[in-house]
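> My structure is below; once you've seen it, I'll send some questions.
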Amino acid sequence: MSRFTLLKKAKEIGVITERYPYKPTKVPEGFRGKPEIDPEKCIGCCACIAACPPNALTSLDENGYRVIRIFYGRCIFCGRCVDVCPEKAIRMTEEFELTADDHEELVQEVRLKLVRCSVCGRYYDTERHYRMILKEFEEAGLKVDPEVLRRCPEHRMGMSAEVIGLRRVRK
Amino acid sequence: MIKKSIWIYHLNTGGCNGCDIEIIDVLTPFHDAERLGVKLVGSPRHADVILLTGPITRQSMEKAINAITAAPDPKFIVAIGSCACGGGIWYDSYATVGGIEAFYKILRERGVKPPKVIYVPGCPPRPEAILHALAYFKGLASKKIKKRVFVEK
């Protein structure tokens, strides 16, 4: 065995160190990076907030807006919010360079308008969610008075199915 | 931020060891943090930067305070992983302090000046993400994230 076996081997293999901070790197397929909410698609149903294990996603109703807030500092990148989102508004991106100086930088906020109850006047649901429910009733072939859905769940409770109009339209 | 070589001290405050394995990955020949001048040291008295992992459990809090006060100024902390950045999945547990923000509140109450912190979220973060934070110290990389707010009209 020659003295240069190791040097020969090293020359054969070459440099394996990646040049990361100077050159960009690739992530493997299916990598779960920073989850991002598409604010145009989000309807504010809060399904992701119920599914989030560390409560990185939170919601708050204030001043006529529903604030959906994601804090990446607590996110564990499990992707459950992506699974439960009915509108496919959340997706996992391939971004992982989340270095930040301040924890406020690690926040994404989506503020959606709320609708008022026609009886008591309190905010109870987002406008987009209300419109989606109306559309779903139409698609299912159910006739429903839009003014009924304008009521908050409390004031809707006393009404019978007949008044609400949940009867299948006969063709 | 730091012109000289960064000497790092690895401080685990009750994490699951996922982030610690990623830190070891950074020091292996494949990622090779030493080409940026990064050196792992065995004592906080030699360190410029403390790599803090874990959610800071009540058991480890006193030791963590000792290690941080032992490091000479100017010192920096890099909070690695979701646990260190925001408490992670244990943010409201009785057994943990709940992340670096709550820990800094305790430090201020005790009259210790908390050092500047850099956040590296991830569960665990990729070795490249840790390298990105170390390169950010040297001015080789720039921040890629900022707060985004959308208001419906």
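Ordering of the structure tokens sets the chain letters (A, B, ...); residue numbers start at 1 within each chain; ligands are numbered from 1 in the order shown.
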Quick one: residues within 12 Å of Ile21 of chain B, only C-alpha atoms counted, chain neighbours fewer than 2 positions away excluded, as a PyMOL selection string?
chain B and resi 10+12+15-19+23-28+53+80-81+123-127+130
> To test your reading of the structure, identify every residue in chain B that backbone DSSP assigns to strand (DSSP E), and report it as a list in words.
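Across chain B, those assigned strand (DSSP E) are Trp7, Ile8, Tyr9, His10, Leu11, Asn12, Lys39, Leu40, Val49, Ile50, Leu51, Leu52, Thr53, Phe76, Ile77, Val78, Ala79, Ile80, Lys116, Val117, Ile118, Tyr119, Val120, Arg148, Val149, Phe150 and Val151 of chain B.
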> Would you please work out which residue, of B:Val78, B:Lys4, B:Gly37, B:Ile118, is nearest to Leu52 of chain B when using only C-alpha atoms?
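Comparing B:Val78, B:Lys4, B:Gly37, B:Ile118 against Leu52 of chain B, the winner is B:Val78.
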> Residues near Phe77 of chain A, anyone? I mean within 10 Å using only C-alpha atoms, not counting same-chain ones fewer than 3 positions away, as a PyMOL selection string.
(chain A and resi 31-35+52+56+72+74+80-81+92) or (chain B and resi 82+121-125)
> With C-alpha atoms kept, could you save the residues just selected as a PDB file, in the first residue's frame?

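Contents of the output file selection14.pdb:
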ATOM      1  CA  PHE A  31     -40.247  19.527   1.561  1.00  0.00           C
ATOM      2  CA  ARG A  32     -42.478  21.411   3.978  1.00  0.00           C
ATOM      3  CA  GLY A  33     -41.243  24.968   4.273  1.00  0.00           C
ATOM      4  CA  LYS A  34     -42.982  28.128   5.410  1.00  0.00           C
ATOM      5  CA  PRO A  35     -46.789  27.821   5.169  1.00  0.00           C
ATOM      6  CA  CYS A  52     -52.915  23.699  14.415  1.00  0.00           C
ATOM      7  CA  ALA A  56     -49.224  29.069  15.745  1.00  0.00           C
ATOM      8  CA  TYR A  72     -43.753  31.165  12.138  1.00  0.00           C
ATOM      9  CA  ARG A  74     -44.099  28.660  16.857  1.00  0.00           C
ATOM     10  CA  ARG A  80     -52.125  20.008   8.956  1.00  0.00           C
ATOM     11  CA  CYS A  81     -53.513  23.441   8.068  1.00  0.00           C
ATOM     12  CA  MET A  92     -46.380  24.905   2.056  1.00  0.00           C
TER      13      MET A  92
ATOM     14  CA  SER B  82     -39.704  26.468  17.133  1.00  0.00           C
ATOM     15  CA  PRO B 121     -37.635  28.944  13.119  1.00  0.00           C
ATOM     16  CA  GLY B 122     -38.048  25.348  11.975  1.00  0.00           C
ATOM     17  CA  CYS B 123     -38.860  22.038  13.558  1.00  0.00           C
ATOM     18  CA  PRO B 124     -35.974  21.299  13.229  1.00  0.00           C
ATOM     19  CA  PRO B 125     -34.521  23.992  10.939  1.00  0.00           C
TER      20      PRO B 125
END
> Tell me as a ChimeraX atom specification which residues belonging to chain A come within 8 Å of chain B, counting only C-alpha atoms.
/A:16-22,39,53-55,72-77,96-113
> Got time to write the residues from that selection, N, CA, C and O atoms, as a CSV table (one decimal), in the first residue's frame?

chain,number,residue,atom,x,y,z
A,16,ILE,N,-16.6,17.8,-1.4
A,16,ILE,CA,-18.0,17.5,-1.2
A,16,ILE,C,-18.8,18.6,-0.5
A,16,ILE,O,-20.0,18.7,-0.5
A,17,THR,N,-18.0,19.5,0.1
A,17,THR,CA,-18.6,20.6,0.8
A,17,THR,C,-19.5,21.5,-0.1
A,17,THR,O,-19.0,21.9,-1.2
A,18,GLU,N,-20.7,21.7,0.3
A,18,GLU,CA,-21.6,22.6,-0.5
A,18,GLU,C,-21.3,24.0,-0.3
A,18,GLU,O,-20.8,24.4,0.7
A,19,ARG,N,-21.6,24.8,-1.3
A,19,ARG,CA,-21.2,26.3,-1.3
A,19,ARG,C,-22.3,27.1,-0.8
A,19,ARG,O,-22.6,28.1,-1.4
A,20,TYR,N,-23.0,26.7,0.2
A,20,TYR,CA,-24.4,27.2,0.5
A,20,TYR,C,-24.5,28.8,0.6
A,20,TYR,O,-25.2,29.4,-0.2
A,21,PRO,N,-23.9,29.4,1.5
A,21,PRO,CA,-24.3,30.9,1.7
A,21,PRO,C,-24.0,31.7,0.4
A,21,PRO,O,-24.5,32.7,0.2
A,22,TYR,N,-23.0,31.2,-0.4
A,22,TYR,CA,-22.7,31.9,-1.6
A,22,TYR,C,-23.5,31.4,-2.8
A,22,TYR,O,-23.8,32.2,-3.7
A,39,PRO,N,-54.3,35.4,0.7
A,39,PRO,CA,-55.3,36.2,1.2
A,39,PRO,C,-56.5,36.4,0.3
A,39,PRO,O,-57.6,36.7,0.8
A,53,PRO,N,-51.5,22.2,15.9
A,53,PRO,CA,-51.2,21.6,17.2
A,53,PRO,C,-50.5,22.6,18.1
A,53,PRO,O,-50.9,22.6,19.3
A,54,PRO,N,-49.6,23.5,17.7
A,54,PRO,CA,-49.0,24.4,18.7
A,54,PRO,C,-49.7,25.8,18.8
A,54,PRO,O,-49.1,26.7,19.4
A,55,ASN,N,-50.8,25.9,18.1
A,55,ASN,CA,-51.6,27.2,18.1
A,55,ASN,C,-50.7,28.4,17.5
A,55,ASN,O,-50.7,29.5,18.0
A,72,TYR,N,-44.7,32.2,12.6
A,72,TYR,CA,-43.8,31.2,12.1
A,72,TYR,C,-42.8,30.7,13.2
A,72,TYR,O,-42.2,29.7,13.2
A,73,GLY,N,-42.6,31.6,14.2
A,73,GLY,CA,-41.7,31.2,15.4
A,73,GLY,C,-42.2,30.0,16.1
A,73,GLY,O,-41.5,29.4,16.8
A,74,ARG,N,-43.6,29.8,16.1
A,74,ARG,CA,-44.1,28.7,16.9
A,74,ARG,C,-44.5,27.5,15.9
A,74,ARG,O,-44.8,26.4,16.4
A,75,CYS,N,-44.6,27.8,14.7
A,75,CYS,CA,-45.0,26.8,13.7
A,75,CYS,C,-44.1,25.6,13.7
A,75,CYS,O,-42.9,25.7,13.7
A,76,ILE,N,-44.7,24.3,13.7
A,76,ILE,CA,-43.8,23.1,13.6
A,76,ILE,C,-43.8,22.5,12.2
A,76,ILE,O,-43.3,21.4,12.0
A,77,PHE,N,-44.4,23.2,11.2
A,77,PHE,CA,-44.3,22.8,9.8
A,77,PHE,C,-44.8,21.4,9.6
A,77,PHE,O,-44.3,20.6,8.9
A,96,PHE,N,-37.1,28.3,3.5
A,96,PHE,CA,-36.7,27.8,4.8
A,96,PHE,C,-35.8,28.9,5.5
A,96,PHE,O,-35.5,28.7,6.7
A,97,GLU,N,-35.3,29.9,4.8
A,97,GLU,CA,-34.4,30.9,5.3
A,97,GLU,C,-35.2,31.9,6.1
A,97,GLU,O,-35.5,32.9,5.5
A,98,LEU,N,-35.6,31.6,7.3
A,98,LEU,CA,-36.5,32.4,8.0
A,98,LEU,C,-35.8,33.3,9.1
A,98,LEU,O,-36.4,33.6,10.1
A,99,THR,N,-34.5,33.5,8.9
A,99,THR,CA,-33.7,34.3,9.9
A,99,THR,C,-34.4,35.6,10.1
A,99,THR,O,-34.6,36.3,9.1
A,100,ALA,N,-34.6,36.0,11.4
A,100,ALA,CA,-35.3,37.3,11.7
A,100,ALA,C,-34.7,37.9,12.9
A,100,ALA,O,-34.2,37.2,13.8
A,101,ASP,N,-34.7,39.3,12.9
A,101,ASP,CA,-34.2,40.0,14.1
A,101,ASP,C,-35.2,40.1,15.2
A,101,ASP,O,-34.9,40.2,16.4
A,102,ASP,N,-36.5,40.2,14.8
A,102,ASP,CA,-37.6,40.5,15.7
A,102,ASP,C,-38.7,39.5,15.5
A,102,ASP,O,-38.9,39.1,14.3
A,103,HIS,N,-39.4,39.1,16.5
A,103,HIS,CA,-40.4,38.1,16.3
A,103,HIS,C,-41.6,38.6,15.6
A,103,HIS,O,-42.4,37.9,15.1
A,104,GLU,N,-41.8,40.0,15.5
A,104,GLU,CA,-42.9,40.5,14.7
A,104,GLU,C,-42.7,40.3,13.2
A,104,GLU,O,-43.6,40.4,12.4
A,105,GLU,N,-41.4,40.1,12.8
A,105,GLU,CA,-41.2,39.9,11.4
A,105,GLU,C,-41.6,38.5,10.9
A,105,GLU,O,-41.8,38.2,9.8
A,106,LEU,N,-41.8,37.6,11.9
A,106,LEU,CA,-42.2,36.2,11.6
A,106,LEU,C,-43.7,36.0,11.6
A,106,LEU,O,-44.2,35.0,12.1
A,107,VAL,N,-44.4,37.0,11.1
A,107,VAL,CA,-45.9,37.0,11.3
A,107,VAL,C,-46.5,37.3,9.9
A,107,VAL,O,-46.0,38.1,9.1
A,108,GLN,N,-47.6,36.5,9.6
A,108,GLN,CA,-48.4,36.9,8.4
A,108,GLN,C,-49.8,37.1,9.0
A,108,GLN,O,-50.4,36.3,9.7
A,109,GLU,N,-50.4,38.2,8.6
A,109,GLU,CA,-51.8,38.6,9.0
A,109,GLU,C,-52.7,38.7,7.9
A,109,GLU,O,-52.4,39.3,6.9
A,110,VAL,N,-53.9,38.1,8.0
A,110,VAL,CA,-55.0,38.3,7.0
A,110,VAL,C,-56.2,38.9,7.7
A,110,VAL,O,-56.7,38.3,8.6
A,111,ARG,N,-56.7,40.1,7.3
A,111,ARG,CA,-57.8,40.7,7.9
A,111,ARG,C,-59.0,40.6,7.0
A,111,ARG,O,-58.9,41.2,5.9
A,112,LEU,N,-60.1,39.9,7.4
A,112,LEU,CA,-61.2,39.8,6.6
A,112,LEU,C,-62.4,40.4,7.2
A,112,LEU,O,-62.6,40.4,8.4
A,113,LYS,N,-63.3,41.0,6.3
A,113,LYS,CA,-64.5,41.8,6.8
A,113,LYS,C,-65.5,40.8,7.4
A,113,LYS,O,-65.7,39.7,6.9
> Which residues, written as a list in words, have at least one atom at most 12 Å from Met132 of chain A, with only C-alpha atoms counted and residues fewer than 4 positions away on the same chain left out?
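Residues meeting the cut-off are Lys41, Cys42, Ile43, Gly44, Cys45, Pro86, Glu87, Asp125, Thr126, Glu127, Arg128, Glu136, Phe137, Glu138, Glu139, Pro146 and Leu149 of chain A.
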> Dump N, CA, C and O atoms for the selected residues as an mmCIF file, in the first residue's frame?

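To be explicit, this is the file written out as part_23.cif:
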data_model
loop_
_atom_site.group_PDB
_atom_site.id
_atom_site.type_symbol
_atom_site.label_atom_id
_atom_site.label_comp_id
_atom_site.auth_asym_id
_atom_site.auth_seq_id
_atom_site.Cartn_x
_atom_site.Cartn_y
_atom_site.Cartn_z
ATOM 1 N N LYS A 41 -57.881 33.875 -1.379
ATOM 2 C CA LYS A 41 -58.703 32.660 -1.323
ATOM 3 C C LYS A 41 -59.301 32.419 0.064
ATOM 4 O O LYS A 41 -60.333 31.784 0.192
ATOM 5 N N CYS A 42 -58.620 32.873 1.117
ATOM 6 C CA CYS A 42 -59.024 32.562 2.494
ATOM 7 C C CYS A 42 -60.429 33.110 2.770
ATOM 8 O O CYS A 42 -60.745 34.235 2.403
ATOM 9 N N ILE A 43 -61.288 32.283 3.417
ATOM 10 C CA ILE A 43 -62.642 32.731 3.726
ATOM 11 C C ILE A 43 -62.832 32.962 5.226
ATOM 12 O O ILE A 43 -63.895 33.353 5.661
ATOM 13 N N GLY A 44 -61.802 32.693 6.007
ATOM 14 C CA GLY A 44 -61.893 32.949 7.441
ATOM 15 C C GLY A 44 -62.759 31.963 8.192
ATOM 16 O O GLY A 44 -63.448 32.338 9.135
ATOM 17 N N CYS A 45 -62.726 30.674 7.800
ATOM 18 C CA CYS A 45 -63.567 29.672 8.460
ATOM 19 C C CYS A 45 -62.914 29.137 9.735
ATOM 20 O O CYS A 45 -63.574 28.502 10.550
ATOM 21 N N PRO A 86 -60.525 24.139 3.387
ATOM 22 C CA PRO A 86 -61.517 23.766 2.362
ATOM 23 C C PRO A 86 -61.318 24.505 1.050
ATOM 24 O O PRO A 86 -61.740 24.037 0.000
ATOM 25 N N GLU A 87 -60.668 25.660 1.088
ATOM 26 C CA GLU A 87 -60.497 26.476 -0.119
ATOM 27 C C GLU A 87 -59.108 26.331 -0.720
ATOM 28 O O GLU A 87 -58.774 27.031 -1.672
ATOM 29 N N ASP A 125 -69.822 36.457 11.440
ATOM 30 C CA ASP A 125 -69.162 35.617 10.436
ATOM 31 C C ASP A 125 -68.503 36.520 9.390
ATOM 32 O O ASP A 125 -68.852 37.687 9.273
ATOM 33 N N THR A 126 -67.566 35.946 8.645
ATOM 34 C CA THR A 126 -66.938 36.759 7.604
ATOM 35 C C THR A 126 -67.830 36.815 6.369
ATOM 36 O O THR A 126 -68.633 35.913 6.127
ATOM 37 N N GLU A 127 -67.668 37.882 5.617
ATOM 38 C CA GLU A 127 -68.498 38.081 4.433
ATOM 39 C C GLU A 127 -68.265 36.976 3.416
ATOM 40 O O GLU A 127 -69.195 36.471 2.792
ATOM 41 N N ARG A 128 -67.010 36.586 3.263
ATOM 42 C CA ARG A 128 -66.666 35.550 2.267
ATOM 43 C C ARG A 128 -67.279 34.212 2.647
ATOM 44 O O ARG A 128 -67.739 33.468 1.782
ATOM 45 N N GLU A 136 -73.153 27.273 -1.653
ATOM 46 C CA GLU A 136 -73.265 25.829 -1.418
ATOM 47 C C GLU A 136 -74.713 25.387 -1.370
ATOM 48 O O GLU A 136 -75.056 24.304 -1.842
ATOM 49 N N PHE A 137 -75.578 26.228 -0.781
ATOM 50 C CA PHE A 137 -77.008 25.918 -0.758
ATOM 51 C C PHE A 137 -77.549 25.839 -2.175
ATOM 52 O O PHE A 137 -78.331 24.963 -2.522
ATOM 53 N N GLU A 138 -77.142 26.776 -3.000
ATOM 54 C CA GLU A 138 -77.599 26.811 -4.389
ATOM 55 C C GLU A 138 -77.172 25.564 -5.145
ATOM 56 O O GLU A 138 -77.945 24.956 -5.868
ATOM 57 N N GLU A 139 -75.906 25.175 -4.924
ATOM 58 C CA GLU A 139 -75.376 24.011 -5.625
ATOM 59 C C GLU A 139 -76.070 22.735 -5.191
ATOM 60 O O GLU A 139 -76.225 21.795 -5.968
ATOM 61 N N PRO A 146 -81.828 34.511 1.719
ATOM 62 C CA PRO A 146 -80.533 35.076 2.131
ATOM 63 C C PRO A 146 -80.625 35.892 3.411
ATOM 64 O O PRO A 146 -79.658 35.993 4.164
ATOM 65 N N LEU A 149 -79.877 33.823 6.569
ATOM 66 C CA LEU A 149 -78.458 33.587 6.848
ATOM 67 C C LEU A 149 -77.771 34.838 7.370
ATOM 68 O O LEU A 149 -76.681 34.779 7.911
#
> Can you pull out every residue within 9 Å of Phe103 of chain B, counting only C-alpha atoms, but drop anything in the same chain fewer than 5 positions away, and send it as an NGL selection string?
:B and (56 or 61 or 97-98 or 108)
> For a quick check of understanding, using only C-alpha atoms, which of B:Ile77, B:Ala47, B:Leu40, B:Leu11 has the smallest distance to Ser60 of chain B?
B:Leu11
> Please determine, counting only C-alpha atoms, which residue among B:Lys105, B:Ile8, B:Ser93, B:Lys39 has the shortest atom-to-atom distance to Leu51 of chain B.
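Of B:Lys105, B:Ile8, B:Ser93, B:Lys39, the one nearest Leu51 of chain B is B:Ile8, counting only C-alpha atoms.
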> Please provide as a PyMOL selection string all residues within 10 Å of Lys75 of chain B, with the sequence filter that same-chain residues fewer than 3 positions apart are discarded (counting only C-alpha atoms).
chain B and resi 2+47-50+68-69+71-72+114-117
> Please produce a file of those selected residues containing N, CA and C atoms, as a short mmCIF file (atom, residue, chain, number, x, y, z; two decimals), in the first residue's frame.

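Final output, saved to out_29.cif:
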data_model
loop_
_atom_site.label_atom_id
_atom_site.label_comp_id
_atom_site.auth_asym_id
_atom_site.auth_seq_id
_atom_site.Cartn_x
_atom_site.Cartn_y
_atom_site.Cartn_z
N ILE B 2 -20.78 40.79 13.37
CA ILE B 2 -19.50 40.43 13.99
C ILE B 2 -18.46 40.36 12.89
N ALA B 47 -17.28 32.24 24.24
CA ALA B 47 -18.22 32.32 23.12
C ALA B 47 -18.61 33.74 22.76
N ASP B 48 -18.85 33.97 21.45
CA ASP B 48 -19.46 35.22 20.97
C ASP B 48 -20.96 35.03 20.80
N VAL B 49 -21.31 33.84 20.31
CA VAL B 49 -22.70 33.54 19.98
C VAL B 49 -23.12 32.29 20.74
N ILE B 50 -24.30 32.35 21.35
CA ILE B 50 -24.84 31.17 22.02
C ILE B 50 -25.97 30.62 21.15
N ILE B 68 -25.56 32.25 30.11
CA ILE B 68 -25.68 33.49 29.33
C ILE B 68 -24.92 34.63 30.02
N THR B 69 -25.01 34.70 31.35
CA THR B 69 -24.29 35.77 32.05
C THR B 69 -22.78 35.53 32.01
N ALA B 71 -21.06 34.49 29.44
CA ALA B 71 -20.47 34.86 28.14
C ALA B 71 -20.07 36.33 28.15
N PRO B 72 -18.89 36.64 27.57
CA PRO B 72 -18.44 38.05 27.57
C PRO B 72 -19.19 38.89 26.55
N PRO B 114 -30.66 41.44 28.64
CA PRO B 114 -30.71 40.35 27.66
C PRO B 114 -29.97 40.69 26.38
N PRO B 115 -29.14 39.75 25.86
CA PRO B 115 -28.43 40.02 24.60
C PRO B 115 -29.37 39.99 23.40
N LYS B 116 -28.89 40.54 22.30
CA LYS B 116 -29.70 40.55 21.06
C LYS B 116 -29.91 39.13 20.56
N VAL B 117 -31.12 38.89 20.07
CA VAL B 117 -31.46 37.53 19.64
C VAL B 117 -31.78 37.51 18.15
#
> What does the structure give for the distance between atom CA of Cys85 of chain A and atom CA of Gly30 of chain A, in Å to one decimal?
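That distance, rounded to one decimal, is 18.2 Å.
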> Enumerate as an MDAnalysis selection string all residues of chain B assigned to alpha helix (DSSP H) by DSSP on the backbone, naming them with the chain letters and numbers the document uses.
chainID B and resid 18:27 58:70 81:86 99:109 127:138
> Measure the distance from atom CA of Cys152 of chain A to atom CA of Leu114 of chain A in Å and round it to one decimal.
11.7 Å
> Select, from A:Ile37, A:Val119, A:Val148, A:Cys48, the residue with the minimum atom-to-atom distance to Cys78 of chain A, counting only C-alpha atoms.
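Of the candidates, the smallest distance to Cys78 of chain A is held by A:Cys48.
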> Calculate how many Å separate atom CA of Gly141 of chain A from atom CA of Cys117 of chain A, rounding to one decimal.
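Here the two named atoms are 24.9 Å from each other.
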